[in-house]
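Have a look at the structure below, then the notes.
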Amino acid sequence: REQLKKQYLFAPSLTQSVRDRDRLLEEIEEIGERGRSTSSHFLPWHSERGFVPQAQTGDWDLEEWASELDRLLKEVEAASEQGSPSSALSAARRLWEQCCVEDSSKKWRLGKGHALRLHLARLGMDLAVASQRWEEALAWARAVCQVEALVYPSPWPVVACSQGRLAKLELYANNFKAAAAASTSALRDFAALGIDNSLCQELRQIAAQAAAERRCQAQAMAEEEKKEEHAKKESKEEKKKKEEEDEKLRRAREQPKPHQQPVQQAEEDVITSKSKASPSAKDYALPDPATIDFADLD
């Protein structure tokens, strides 16, 4: 805006939505007594000129942090120009950790819609794709869409294209629900803008494939759940059957069989039987003379 003012000698009027967008592109966060919050300082950044002179806020810590970010960004760009996407990607990770990751030890952090955050997310996504690191490319693509959703109006071609790239990466990672959501969002924006091209056709195929894969996945999960339930039921029945058999065996052990009487009882039975079979001394005793009837003897 200041550049246009100097060049054309007039200040273009900005709508409130544009002012809000510009504020998001320059916002930073800082940690204070009440935790992390939006800072009263702003840190404008331009893809060609880097941090603009307005970044000189008088806060020495902020200026030093901005200089460190500028140095790390130059490392990313230098590695990328040398044709080393892996090295450039590593440098991009370091820069992201320095300015975008939640870390209580760092005083400053770029706002959720900051211009440098968006630039770095796009750069990281391209480098990850070039390095064939698809999972990391997916994470960068999600970050791109999150920032663009804040700073661009809806519908907007840039946002729709980013959603299309995200849909491809989600499908490649077998995230069928996310792929269907991203492709549907992109197609909705393109339809609102009156755009129907080869990309739209590809997105329709992605949406159809993701829907079919989701149905197959749901069916497979349902069958797997049935198998698990059947296995649990069989396990319970087997357990119950085993418990019943164990109970029968326990009862059989507690009740001795007739031919397996205790030894003491067997010995007593033997003694009793012997005593009955053998004549006692009483059987051989002489009769009392007083009880003998001698008349019978005649």
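Each chain in the structure tokens gets a letter, A, B, ..., in the order shown, and its residues are numbered from 1; ligands are numbered from 1 in order too.
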
With a distance cut-off of 10 Å and only C-alpha atoms, select the neighbouring residues of Val151 of chain A, excluding the residue or stretch itself and same-chain residues fewer than 3 positions from it, and output the selection as a PyMOL selection string.
chain A and resi 17-18+20-25+112-115+118+146-148+154+159

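The two atoms in question, atom CA of Asp189 of chain A and atom CA of Ala160 of chain A, are spaced 5.9 Å apart.
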
I'd like to know which of A:Ala208, A:Leu72, A:Ile28, A:Leu116 is closest to Phe51 of chain A, using only C-alpha atoms.
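Going through A:Ala208, A:Leu72, A:Ile28, A:Leu116 one by one, the smallest distance to Phe51 of chain A is for A:Leu116.
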
To one decimal in Å, tell me the separation between atom CA of Trp60 of chain A and atom CA of Phe42 of chain A.
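Calculated distance between atom CA of Trp60 of chain A and atom CA of Phe42 of chain A is 13.9 Å.
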
Show me, as a PyMOL selection string, the residues that have an atom within 12 Å of Gln201 of chain A when counting only C-alpha atoms, minus same-chain residues fewer than 4 positions from it.
chain A and resi 164+183-184+186-187+190-191+195-197+205-208

With N, CA, C and O atoms retained, could you export that selection as a PDB file, in the first residue's frame?
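See part.pdb below for the written result:
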ATOM      1  N   GLY A 164      -7.362 -29.359  -3.540  1.00  0.00           N
ATOM      2  CA  GLY A 164      -7.174 -30.443  -4.498  1.00  0.00           C
ATOM      3  C   GLY A 164      -5.883 -31.203  -4.268  1.00  0.00           C
ATOM      4  O   GLY A 164      -5.855 -32.440  -4.317  1.00  0.00           O
ATOM      5  N   SER A 183     -11.591 -33.138  -1.466  1.00  0.00           N
ATOM      6  CA  SER A 183     -12.006 -33.086  -2.876  1.00  0.00           C
ATOM      7  C   SER A 183     -13.386 -32.449  -3.008  1.00  0.00           C
ATOM      8  O   SER A 183     -13.628 -31.660  -3.932  1.00  0.00           O
ATOM      9  N   THR A 184     -14.288 -32.755  -2.096  1.00  0.00           N
ATOM     10  CA  THR A 184     -15.627 -32.159  -2.133  1.00  0.00           C
ATOM     11  C   THR A 184     -15.560 -30.653  -1.910  1.00  0.00           C
ATOM     12  O   THR A 184     -16.261 -29.878  -2.580  1.00  0.00           O
ATOM     13  N   ALA A 186     -12.989 -28.667  -2.584  1.00  0.00           N
ATOM     14  CA  ALA A 186     -12.404 -28.053  -3.783  1.00  0.00           C
ATOM     15  C   ALA A 186     -13.426 -27.969  -4.914  1.00  0.00           C
ATOM     16  O   ALA A 186     -13.546 -26.942  -5.596  1.00  0.00           O
ATOM     17  N   LEU A 187     -14.184 -29.047  -5.128  1.00  0.00           N
ATOM     18  CA  LEU A 187     -15.195 -29.047  -6.194  1.00  0.00           C
ATOM     19  C   LEU A 187     -16.288 -28.022  -5.926  1.00  0.00           C
ATOM     20  O   LEU A 187     -16.788 -27.378  -6.856  1.00  0.00           O
ATOM     21  N   PHE A 190     -14.795 -24.603  -6.836  1.00  0.00           N
ATOM     22  CA  PHE A 190     -14.669 -24.460  -8.289  1.00  0.00           C
ATOM     23  C   PHE A 190     -16.038 -24.252  -8.936  1.00  0.00           C
ATOM     24  O   PHE A 190     -16.187 -23.454  -9.866  1.00  0.00           O
ATOM     25  N   ALA A 191     -17.044 -24.965  -8.455  1.00  0.00           N
ATOM     26  CA  ALA A 191     -18.390 -24.808  -9.009  1.00  0.00           C
ATOM     27  C   ALA A 191     -18.923 -23.406  -8.736  1.00  0.00           C
ATOM     28  O   ALA A 191     -19.561 -22.788  -9.600  1.00  0.00           O
ATOM     29  N   ILE A 195     -15.803 -22.749 -12.564  1.00  0.00           N
ATOM     30  CA  ILE A 195     -14.631 -23.417 -13.158  1.00  0.00           C
ATOM     31  C   ILE A 195     -14.908 -24.909 -13.264  1.00  0.00           C
ATOM     32  O   ILE A 195     -15.330 -25.542 -12.291  1.00  0.00           O
ATOM     33  N   ASP A 196     -14.677 -25.462 -14.453  1.00  0.00           N
ATOM     34  CA  ASP A 196     -14.808 -26.904 -14.660  1.00  0.00           C
ATOM     35  C   ASP A 196     -13.749 -27.328 -15.674  1.00  0.00           C
ATOM     36  O   ASP A 196     -13.930 -27.191 -16.885  1.00  0.00           O
ATOM     37  N   ASN A 197     -12.643 -27.836 -15.177  1.00  0.00           N
ATOM     38  CA  ASN A 197     -11.526 -28.190 -16.054  1.00  0.00           C
ATOM     39  C   ASN A 197     -11.055 -29.605 -15.739  1.00  0.00           C
ATOM     40  O   ASN A 197     -11.740 -30.377 -15.058  1.00  0.00           O
ATOM     41  N   GLN A 205     -12.969 -37.983  -9.687  1.00  0.00           N
ATOM     42  CA  GLN A 205     -12.491 -39.355  -9.602  1.00  0.00           C
ATOM     43  C   GLN A 205     -11.951 -39.668  -8.205  1.00  0.00           C
ATOM     44  O   GLN A 205     -12.173 -40.763  -7.671  1.00  0.00           O
ATOM     45  N   ILE A 206     -11.247 -38.705  -7.618  1.00  0.00           N
ATOM     46  CA  ILE A 206     -10.721 -38.892  -6.264  1.00  0.00           C
ATOM     47  C   ILE A 206     -11.869 -39.051  -5.273  1.00  0.00           C
ATOM     48  O   ILE A 206     -11.845 -39.933  -4.398  1.00  0.00           O
ATOM     49  N   ALA A 207     -12.889 -38.200  -5.418  1.00  0.00           N
ATOM     50  CA  ALA A 207     -14.036 -38.278  -4.511  1.00  0.00           C
ATOM     51  C   ALA A 207     -14.748 -39.624  -4.644  1.00  0.00           C
ATOM     52  O   ALA A 207     -15.117 -40.248  -3.638  1.00  0.00           O
ATOM     53  N   ALA A 208     -14.932 -40.083  -5.909  1.00  0.00           N
ATOM     54  CA  ALA A 208     -15.600 -41.370  -6.125  1.00  0.00           C
ATOM     55  C   ALA A 208     -14.769 -42.523  -5.578  1.00  0.00           C
ATOM     56  O   ALA A 208     -15.301 -43.441  -4.926  1.00  0.00           O
TER      57      ALA A 208
END

Using DSSP on the backbone, list every residue of segment 6-125 of chain A that comes out as alpha helix (DSSP H), and give them as a VMD selection string.
chain A and resid 6 to 8 16 to 26 60 to 81 85 to 99 115 to 125
